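Dumped upload-v1.cif below, it's mmCIF, C-alpha atoms:
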data_start
loop_
_atom_site.label_atom_id
_atom_site.label_comp_id
_atom_site.auth_asym_id
_atom_site.auth_seq_id
_atom_site.Cartn_x
_atom_site.Cartn_y
_atom_site.Cartn_z
CA MET A 17 -94.33 39.08 -76.75
CA GLU A 18 -92.21 35.97 -77.30
CA LEU A 19 -92.68 32.99 -75.00
CA THR A 20 -89.03 33.17 -73.95
CA THR A 21 -89.62 36.69 -72.64
CA VAL A 22 -92.88 35.60 -70.97
CA TRP A 23 -91.08 32.84 -69.11
CA PHE A 24 -88.20 35.11 -68.14
CA ILE A 25 -90.80 37.39 -66.53
CA LEU A 26 -92.62 34.47 -64.88
CA ILE A 27 -89.39 33.16 -63.39
CA ALA A 28 -88.66 36.65 -62.06
CA VAL A 29 -92.13 36.67 -60.49
CA LEU A 30 -91.54 33.27 -58.89
CA TRP A 31 -88.25 34.40 -57.37
CA THR A 32 -89.95 37.58 -56.17
CA GLY A 33 -92.64 35.52 -54.45
CA TYR A 34 -90.01 33.29 -52.87
CA PHE A 35 -87.93 36.17 -51.52
CA PHE A 36 -91.03 38.02 -50.30
CA LEU A 37 -92.36 35.01 -48.35
CA GLU A 38 -89.20 33.18 -47.40
CA GLY A 39 -87.54 36.53 -46.71
CA PHE A 40 -89.50 37.20 -43.52
CA ASP A 41 -89.24 33.48 -42.79
CA PHE A 42 -85.43 33.73 -42.77
CA GLY A 43 -85.67 37.00 -40.85
CA ILE A 44 -87.69 35.38 -38.07
CA GLY A 45 -85.09 32.62 -37.84
CA VAL A 46 -82.30 35.18 -37.41
CA LEU A 47 -84.35 37.12 -34.87
CA THR A 48 -84.76 34.08 -32.62
CA ARG A 49 -81.24 34.90 -31.40
CA THR A 50 -81.15 38.69 -31.77
CA LEU A 51 -84.68 39.71 -30.76
CA ALA A 52 -85.99 37.01 -28.42
CA ARG A 53 -84.70 37.20 -24.84
CA ASP A 54 -85.78 33.78 -23.56
CA ARG A 55 -87.20 30.47 -24.72
CA ARG A 56 -90.84 31.58 -24.52
CA GLU A 57 -90.14 34.53 -26.81
CA ARG A 58 -88.24 32.30 -29.23
CA ARG A 59 -91.26 30.00 -29.32
CA VAL A 60 -93.52 32.99 -30.00
CA LEU A 61 -91.37 33.96 -32.99
CA ILE A 62 -91.23 30.41 -34.33
CA ASN A 63 -95.00 30.08 -33.94
CA THR A 64 -95.60 33.22 -36.02
CA ILE A 65 -94.34 31.32 -39.07
CA GLY A 66 -95.41 27.88 -37.88
CA PRO A 67 -98.37 27.36 -40.23
CA VAL A 68 -96.71 28.89 -43.31
CA TRP A 69 -92.94 28.31 -43.43
CA ASP A 70 -93.11 25.08 -45.42
CA GLY A 71 -95.60 26.55 -47.89
CA ASN A 72 -93.24 29.47 -48.48
CA GLU A 73 -90.52 27.08 -49.64
CA VAL A 74 -92.77 25.76 -52.42
CA TRP A 75 -91.95 28.95 -54.34
CA LEU A 76 -88.29 27.91 -54.48
CA LEU A 77 -89.17 24.50 -55.90
CA THR A 78 -91.43 26.13 -58.47
CA ALA A 79 -88.81 28.72 -59.48
CA ALA A 80 -86.10 26.07 -59.86
CA GLY A 81 -88.44 23.72 -61.72
CA ALA A 82 -89.58 26.48 -64.08
CA THR A 83 -85.96 27.40 -64.80
CA PHE A 84 -85.14 23.76 -65.57
CA ALA A 85 -88.10 23.38 -67.94
CA ALA A 86 -88.05 26.80 -69.64
CA PHE A 87 -84.29 27.47 -69.77
CA PRO A 88 -82.45 24.14 -69.41
CA GLU A 89 -79.08 25.61 -70.46
CA TRP A 90 -79.40 28.30 -67.80
CA TYR A 91 -80.32 25.69 -65.19
CA ALA A 92 -77.41 23.41 -66.14
CA THR A 93 -74.77 26.14 -66.07
CA LEU A 94 -76.15 27.77 -62.93
CA PHE A 95 -76.40 24.61 -60.85
CA SER A 96 -73.04 23.28 -61.97
CA GLY A 97 -71.12 26.54 -61.59
CA PHE A 98 -72.79 27.47 -58.28
CA TYR A 99 -72.76 23.89 -57.02
CA LEU A 100 -71.15 24.45 -53.61
CA PRO A 101 -73.14 27.52 -52.46
CA LEU A 102 -76.41 26.05 -53.76
CA LEU A 103 -75.63 22.74 -52.05
CA LEU A 104 -75.00 24.62 -48.80
CA ILE A 105 -78.34 26.41 -49.19
CA LEU A 106 -80.07 23.07 -49.79
CA VAL A 107 -78.47 21.50 -46.71
CA CYS A 108 -79.50 24.52 -44.64
CA LEU A 109 -83.11 24.26 -45.81
CA ILE A 110 -83.19 20.55 -44.99
CA VAL A 111 -81.72 21.03 -41.51
CA ARG A 112 -83.99 24.03 -40.92
CA GLY A 113 -87.11 22.02 -41.71
CA VAL A 114 -85.96 19.19 -39.43
CA ALA A 115 -85.23 21.72 -36.66
CA PHE A 116 -88.74 23.17 -36.82
CA GLU A 117 -90.27 19.72 -36.54
CA TYR A 118 -87.90 18.13 -33.99
CA ARG A 119 -87.20 20.90 -31.49
CA SER A 120 -90.45 20.11 -29.66
CA LYS A 121 -90.13 16.33 -29.67
CA ARG A 122 -88.20 16.20 -26.38
CA PRO A 123 -88.46 18.46 -23.31
CA GLU A 124 -84.74 18.65 -22.45
CA GLU A 125 -83.34 22.18 -22.56
CA ARG A 126 -80.15 21.12 -24.34
CA TRP A 127 -82.16 19.35 -27.07
CA GLN A 128 -84.34 22.37 -27.77
CA ARG A 129 -81.46 24.85 -27.57
CA THR A 130 -79.52 22.82 -30.15
CA TRP A 131 -82.37 22.89 -32.63
CA GLU A 132 -83.03 26.59 -31.99
CA THR A 133 -79.37 27.30 -32.75
CA ALA A 134 -79.76 25.31 -35.95
CA ILE A 135 -82.78 27.43 -36.91
CA PHE A 136 -80.71 30.59 -36.46
CA TRP A 137 -77.74 29.51 -38.59
CA THR A 138 -79.81 27.79 -41.28
CA SER A 139 -81.81 31.00 -41.67
CA LEU A 140 -78.81 33.34 -41.68
CA LEU A 141 -76.66 31.45 -44.20
CA PRO A 142 -79.27 31.09 -47.00
CA ALA A 143 -80.33 34.73 -46.54
CA PHE A 144 -76.72 35.72 -47.22
CA LEU A 145 -75.94 33.18 -49.94
CA TRP A 146 -78.98 33.99 -52.08
CA GLY A 147 -77.72 37.56 -52.36
CA VAL A 148 -74.25 36.33 -53.33
CA ALA A 149 -75.73 34.02 -55.98
CA PHE A 150 -77.98 36.60 -57.64
CA ALA A 151 -75.33 39.30 -57.57
CA ASN A 152 -73.05 36.93 -59.47
CA ILE A 153 -75.78 36.11 -61.98
CA VAL A 154 -76.21 39.81 -62.78
CA ARG A 155 -72.49 40.64 -62.75
CA GLY A 156 -71.58 37.64 -64.89
CA VAL A 157 -69.31 34.64 -64.35
CA PRO A 158 -66.66 32.86 -66.44
CA ILE A 159 -68.61 30.91 -69.11
CA ASP A 160 -66.73 29.36 -72.01
CA ALA A 161 -67.71 28.76 -75.64
CA ASP A 162 -69.44 25.50 -74.68
CA LYS A 163 -71.77 27.44 -72.34
CA GLU A 164 -70.13 25.83 -69.31
CA PHE A 165 -68.91 27.48 -66.11
CA ALA A 166 -65.12 27.81 -66.30
CA GLY A 167 -64.36 29.48 -62.98
CA THR A 168 -63.76 28.51 -59.36
CA LEU A 169 -65.48 29.20 -56.05
CA LEU A 170 -63.24 32.24 -55.53
CA ASP A 171 -64.68 33.79 -58.71
CA LEU A 172 -68.02 34.00 -56.89
CA LEU A 173 -66.64 35.86 -53.87
CA THR A 174 -66.25 39.30 -55.41
CA PRO A 175 -66.88 42.54 -53.48
CA TYR A 176 -70.08 43.11 -55.48
CA ALA A 177 -71.36 39.61 -54.65
CA LEU A 178 -70.51 39.90 -50.95
CA LEU A 179 -72.26 43.26 -50.84
CA GLY A 180 -75.31 41.61 -52.40
CA GLY A 181 -75.21 38.93 -49.72
CA ALA A 182 -74.99 41.51 -46.93
CA LEU A 183 -77.94 43.39 -48.46
CA THR A 184 -80.23 40.37 -48.68
CA LEU A 185 -79.34 39.33 -45.13
CA THR A 186 -80.20 42.72 -43.65
CA LEU A 187 -83.23 43.21 -45.91
CA PHE A 188 -84.72 39.82 -45.03
CA THR A 189 -84.04 40.37 -41.32
CA PHE A 190 -85.73 43.79 -41.53
CA HIS A 191 -88.66 42.14 -43.33
CA GLY A 192 -88.80 39.54 -40.55
CA ALA A 193 -88.71 42.17 -37.80
CA VAL A 194 -91.65 43.99 -39.39
CA PHE A 195 -93.52 40.69 -39.67
CA ALA A 196 -92.76 39.92 -36.01
CA ALA A 197 -94.18 43.32 -35.02
CA LEU A 198 -97.26 42.61 -37.13
CA LYS A 199 -97.88 39.17 -35.62
CA THR A 200 -97.13 39.71 -31.92
CA VAL A 201 -98.38 41.71 -28.95
CA GLY A 202 -96.81 43.22 -25.87
CA GLU A 203 -93.14 43.87 -25.24
CA ILE A 204 -91.88 41.64 -28.04
CA ARG A 205 -93.93 43.66 -30.54
CA ASP A 206 -92.39 46.94 -29.33
CA ARG A 207 -88.91 45.45 -29.40
CA ALA A 208 -89.48 44.14 -32.93
CA ARG A 209 -90.38 47.63 -34.10
CA ARG A 210 -87.17 49.02 -32.57
CA HIS A 211 -85.14 46.29 -34.26
CA ALA A 212 -86.86 47.06 -37.56
CA ALA A 213 -85.95 50.74 -37.27
CA VAL A 214 -82.24 49.96 -36.87
CA LEU A 215 -82.20 47.18 -39.47
CA GLY A 216 -84.04 49.40 -41.96
CA LEU A 217 -81.41 52.11 -41.73
CA VAL A 218 -78.59 49.62 -42.23
CA THR A 219 -80.45 48.07 -45.15
CA ALA A 220 -81.02 51.49 -46.72
CA GLY A 221 -77.30 52.25 -46.63
CA LEU A 222 -76.36 48.93 -48.23
CA ALA A 223 -79.17 49.20 -50.77
CA VAL A 224 -78.06 52.61 -51.99
CA VAL A 225 -74.53 51.35 -52.67
CA PHE A 226 -75.56 48.03 -54.21
CA LEU A 227 -78.36 49.36 -56.43
CA ALA A 228 -76.22 52.31 -57.57
CA TRP A 229 -73.40 49.89 -58.44
CA THR A 230 -75.84 47.67 -60.32
CA GLN A 231 -77.31 50.59 -62.20
CA VAL A 232 -73.96 52.03 -63.25
CA ALA A 233 -72.53 48.68 -64.37
CA HIS A 234 -75.57 46.95 -65.86
CA GLY A 235 -78.69 49.11 -65.63
CA ASP A 236 -80.96 50.96 -68.01
CA THR A 237 -83.93 53.30 -67.64
CA ALA A 238 -86.34 50.56 -66.56
CA SER A 239 -84.00 49.24 -63.86
CA LEU A 240 -83.42 52.80 -62.66
CA VAL A 241 -87.17 53.22 -62.11
CA THR A 242 -87.44 50.01 -60.07
CA ALA A 243 -84.29 50.86 -58.08
CA VAL A 244 -85.77 54.23 -57.12
CA LEU A 245 -89.06 52.50 -56.28
CA ALA A 246 -87.21 50.07 -53.99
CA ALA A 247 -85.52 52.95 -52.16
CA VAL A 248 -88.76 54.93 -51.75
CA ALA A 249 -90.68 51.86 -50.56
CA LEU A 250 -87.99 51.09 -47.97
CA LEU A 251 -88.11 54.62 -46.58
CA ALA A 252 -91.92 54.47 -46.51
CA ALA A 253 -91.73 51.12 -44.67
CA LEU A 254 -89.49 52.74 -42.06
CA ALA A 255 -91.94 55.62 -41.67
CA ALA A 256 -94.89 53.22 -41.29
CA ASN A 257 -92.95 51.19 -38.73
CA HIS A 258 -92.21 54.37 -36.75
CA ALA A 259 -95.95 55.15 -36.77
CA ALA A 260 -96.76 51.63 -35.50
CA ARG A 261 -98.56 50.80 -38.75
CA GLU A 262 -97.09 47.32 -39.00
CA GLY A 263 -99.42 46.14 -41.75
CA TRP A 264 -98.43 48.94 -44.08
CA SER A 265 -94.78 48.59 -43.09
CA PHE A 266 -94.84 44.88 -43.96
CA ALA A 267 -96.53 45.54 -47.30
CA LEU A 268 -94.01 48.24 -48.16
CA SER A 269 -91.03 46.10 -47.18
CA GLY A 270 -92.50 43.51 -49.54
CA VAL A 271 -92.63 46.15 -52.28
CA THR A 272 -88.97 46.89 -51.54
CA ILE A 273 -88.05 43.25 -52.12
CA ALA A 274 -90.16 43.02 -55.28
CA ALA A 275 -88.66 46.20 -56.74
CA ALA A 276 -85.11 45.12 -55.86
CA VAL A 277 -85.60 41.73 -57.56
CA ALA A 278 -87.14 43.48 -60.58
CA THR A 279 -84.06 45.73 -60.75
CA LEU A 280 -81.76 42.71 -60.93
CA PHE A 281 -83.79 40.93 -63.61
CA LEU A 282 -84.18 44.11 -65.70
CA ALA A 283 -80.43 44.71 -65.49
CA LEU A 284 -79.90 41.09 -66.56
CA PHE A 285 -82.31 40.92 -69.53
CA PRO A 286 -81.95 39.70 -72.30
CA ASP A 287 -79.11 37.67 -70.79
CA VAL A 288 -79.87 35.04 -68.21
CA MET A 289 -76.21 34.47 -67.32
CA PRO A 290 -73.59 36.81 -68.78
CA SER A 291 -70.09 35.57 -69.56
CA THR A 292 -67.17 37.59 -68.28
CA LEU A 293 -64.84 35.84 -70.74
CA ASP A 294 -66.62 36.86 -73.94
CA PRO A 295 -70.07 38.49 -74.26
CA ALA A 296 -70.75 36.24 -77.25
CA TRP A 297 -70.61 33.23 -74.92
CA SER A 298 -73.31 34.58 -72.61
CA LEU A 299 -76.50 32.63 -72.01
CA THR A 300 -79.54 34.55 -73.22
CA THR A 301 -83.29 34.04 -73.25
CA GLU A 302 -82.91 32.74 -76.80
CA ASN A 303 -79.94 30.36 -76.72
CA ALA A 304 -80.76 28.94 -73.27
CA ALA A 305 -84.49 28.35 -73.85
CA ALA A 306 -86.45 25.15 -74.37
CA THR A 307 -88.46 24.52 -77.54
CA ASP A 308 -91.53 26.57 -78.39
CA TYR A 309 -93.71 23.49 -77.94
CA THR A 310 -92.43 22.99 -74.38
CA LEU A 311 -92.93 26.64 -73.51
CA THR A 312 -96.47 26.60 -74.93
CA ILE A 313 -97.51 23.63 -72.80
CA MET A 314 -95.89 25.19 -69.73
CA THR A 315 -97.76 28.43 -70.33
CA TRP A 316 -101.14 26.67 -70.33
CA VAL A 317 -100.29 24.72 -67.18
CA ALA A 318 -99.01 27.83 -65.38
CA GLY A 319 -102.10 29.80 -66.40
CA PHE A 320 -104.31 27.23 -64.68
CA ALA A 321 -102.21 26.25 -61.66
CA THR A 322 -100.78 29.60 -60.55
CA PRO A 323 -104.12 31.24 -59.55
CA VAL A 324 -105.08 28.11 -57.59
CA VAL A 325 -101.81 28.18 -55.64
CA LEU A 326 -102.14 31.90 -54.94
CA LEU A 327 -105.71 31.53 -53.69
CA TYR A 328 -104.83 28.62 -51.43
CA GLN A 329 -101.79 30.31 -49.92
CA SER A 330 -103.72 33.56 -49.42
CA TRP A 331 -106.43 31.61 -47.60
CA THR A 332 -103.79 30.04 -45.34
CA TYR A 333 -102.47 33.45 -44.31
CA TRP A 334 -106.02 34.69 -43.73
CA VAL A 335 -106.85 31.79 -41.42
CA PHE A 336 -103.69 32.32 -39.36
CA ARG A 337 -103.80 36.11 -39.26
CA LYS A 338 -104.09 36.41 -35.46
CA ARG A 339 -101.46 38.07 -33.31
CA ILE A 340 -99.85 36.00 -30.56
CA GLY A 341 -97.72 36.68 -27.50
CA VAL A 342 -95.99 35.03 -24.58
CA GLN A 343 -99.38 34.69 -22.86
CA HIS A 344 -100.19 31.98 -25.42
CA ILE A 345 -97.11 29.96 -24.43
CA ALA A 346 -97.62 27.64 -21.47
CA PRO A 347 -94.90 28.38 -18.85
CA ASP A 348 -95.17 25.16 -16.81
CA HIS A 349 -92.82 23.00 -18.86
CA PRO A 350 -89.56 23.86 -20.65
CA GLY A 351 -90.73 22.07 -23.76
CA GLY A 352 -94.33 23.23 -23.76
CA GLY A 353 -97.41 22.90 -21.58
CA ALA A 354 -97.39 20.63 -18.54
CA PRO A 355 -99.41 17.42 -18.75
CA GLY A 356 -103.02 18.34 -19.05
CA THR A 357 -102.33 21.95 -19.99
CA PRO A 358 -105.11 23.29 -22.24
CA GLY A 359 -103.89 23.53 -25.79
CA THR A 360 -101.46 20.63 -25.52
CA PRO A 361 -102.85 17.86 -27.70
CA GLY A 362 -103.91 14.96 -25.55
CA GLY A 363 -102.33 16.60 -22.50
CA SER A 364 -99.07 15.00 -23.52
CA GLY A 365 -96.95 17.69 -21.93
CA GLY A 366 -95.03 18.41 -25.12
CA ASP A 367 -94.88 21.38 -27.38
CA ALA A 368 -97.35 21.06 -30.20
CA GLY A 369 -94.62 22.23 -32.55
CA PRO A 370 -94.52 25.21 -34.84
CA ASP A 371 -97.40 23.93 -36.95
CA ALA A 372 -99.79 23.46 -34.06
CA ASP A 373 -103.12 25.20 -34.47
CA GLY A 374 -104.11 25.24 -30.82
CA PRO A 375 -107.65 25.80 -29.58
CA ASP A 376 -109.79 28.74 -30.47
CA GLY A 377 -108.53 31.65 -28.43
CA PRO A 378 -109.99 34.99 -27.39
CA ASP A 379 -109.15 38.13 -29.26
CA VAL A 380 -105.74 39.37 -28.27
CA PRO A 381 -105.61 42.90 -26.82
CA GLY A 382 -103.84 45.31 -29.12
CA ALA A 383 -104.67 43.32 -32.25
CA SER A 384 -105.90 46.31 -34.15
CA GLY A 385 -107.81 45.66 -37.32
CA ASP A 386 -106.54 48.91 -38.81
CA ASP A 387 -103.39 47.39 -40.27
CA LEU A 388 -103.34 46.32 -43.88
CA ALA A 389 -102.67 42.71 -42.91
CA GLY A 390 -105.67 42.62 -40.56
CA ALA A 391 -104.97 41.07 -37.18
CA GLY A 392 -108.56 40.41 -36.12
CA GLY A 393 -110.27 37.04 -36.39
CA GLY A 394 -108.73 33.68 -36.94
CA ARG A 395 -106.80 31.76 -34.33
CA PRO A 396 -103.42 32.41 -32.72
CA GLN A 397 -100.76 30.17 -34.19
CA GLY A 398 -99.55 27.60 -31.76
CA ALA A 399 -101.81 28.92 -28.98
CA GLY A 400 -101.13 26.85 -25.95
CA SER A 401 -98.05 25.30 -27.50
#
As structure tokens, the full file:
Amino acid sequence: MELTTVWFILIAVLWTGYFFLEGFDFGIGVLTRTLARDRRERRVLINTIGPVWDGNEVWLLTAAGATFAAFPEWYATLFSGFYLPLLLILVCLIVRGVAFEYRSKRPEERWQRTWETAIFWTSLLPAFLWGVAFANIVRGVPIDADKEFAGTLLDLLTPYALLGGALTLTLFTFHGAVFAALKTVGEIRDRARRHAAVLGLVTAGLAVVFLAWTQVAHGDTASLVTAVLAAVALLAALAANHAAREGWSFALSGVTIAAAVATLFLALFPDVMPSTLDPAWSLTTENAAATDYTLTIMTWVAGFATPVVLLYQSWTYWVFRKRIGVQHIAPDHPGGGAPGTPGTPGGSGGDAGPDADGPDGPDVPGASGDDLAGAGGGRPQGAGS
């Protein structure tokens, strides 16, 4: 297998990892307004991703960096042609990170509500825009003979692209609802499962239309297999959610995302960015790639670093595998525990923030170890925050 093909596959894997991890991350952000009923429940949802949200974003940096190094022509055309939507995504990610860190710095209700609103919108917009971007990559955009983007912003807002954005938004929110059910206890867990049931049905309807459109216009036998796999996995995730098997439902929703991303990349290959002006002007794995020497060095580095990153991130999720609920959120202070409340560092009276570990807590009732993702052991994220 040629190194250009190897790196096309590796970049597809990196984007799959990003959408799998950041997908439920975005979903939780959207659910802070649609699932949570009060501030304590919003804090529960935020604390479910508290220890991991910033690590999830590393996959985006890696995917973009790998694209820049392995396929510089692809990177240049993509980031120049999609400048405005990608800039908006970047701004959202910056504001979102600031919101997670700053919402707990002051106890005023208006302060915290402002940052919680920012978390909602900066989760919803990227979830939608990533679908628009990748749908356009597969469909093709105006690229001229100099391998430069020759279109406008309106060229990116096609019905197919908007459908792709709607699909990623609902799919990521469904993924987040399943994750919320997996990581919480009590009423919020039951409500998350009901949300997941509705979101899954909406996602299934959009997925059928989008994947069928993709298959008819750009697909082959391999992409047909992955498209069918995505549909079957989504239906199985819905069935597992109905049976209250949140661990299996989360794993299967992850398979849905992985199979859907694989469908897009299989429909794209061997192009990396088709031209709608002239197929001969399309960017391919050959004419957009770096030199063989560069790809060889990158392959050795990736072979060493990737397993280390996977092991470390897996360990992080294992440590913070505990379920949490509103009983772990101190009710005495609008911004967190009252002064001296156990679990508030130094008794400062402030929220420990989404990354707070909290003290060792007792096992949470209902945290069954039967699920695939294993809820037993570890510590509740943000316990006492």
Using only C-alpha atoms: which of A:Ala52, A:Val324, A:Leu178, A:Ala318 has the shortest distance to A:Ala79: A:Ala318
Evaluate the PyMOL selection byres ((chain A and resi 240) around 12) and report residues as an MDAnalysis selection string: chainID A and resid 224 227:239 241:247 275:276 278:283
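In this comparison, which uses only C-alpha atoms, the residue of A:Ala274, A:Val114, A:Ala143, A:Leu94 approaching A:Thr130 most closely is A:Val114.
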Reference answer for the PyMOL selection byres ((chain A and resi 115) around 12), as an NGL selection string: :A and (45 or 62 or 66 or 108-114 or 116-121 or 127-139 or 369-370)
Nearest-residue call for A:Ala220, choices A:Thr292, A:Phe190, A:Gly81, A:Val68, using all atoms listed in the file: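 Counting all atoms listed in the file, the residue closest to A:Ala220 is A:Phe190.
Minimum distance to A:Arg205 across A:Leu268, A:Ile159, A:Ile65, A:Ala260 (counting only C-alpha atoms) occurs at A:Ala260.
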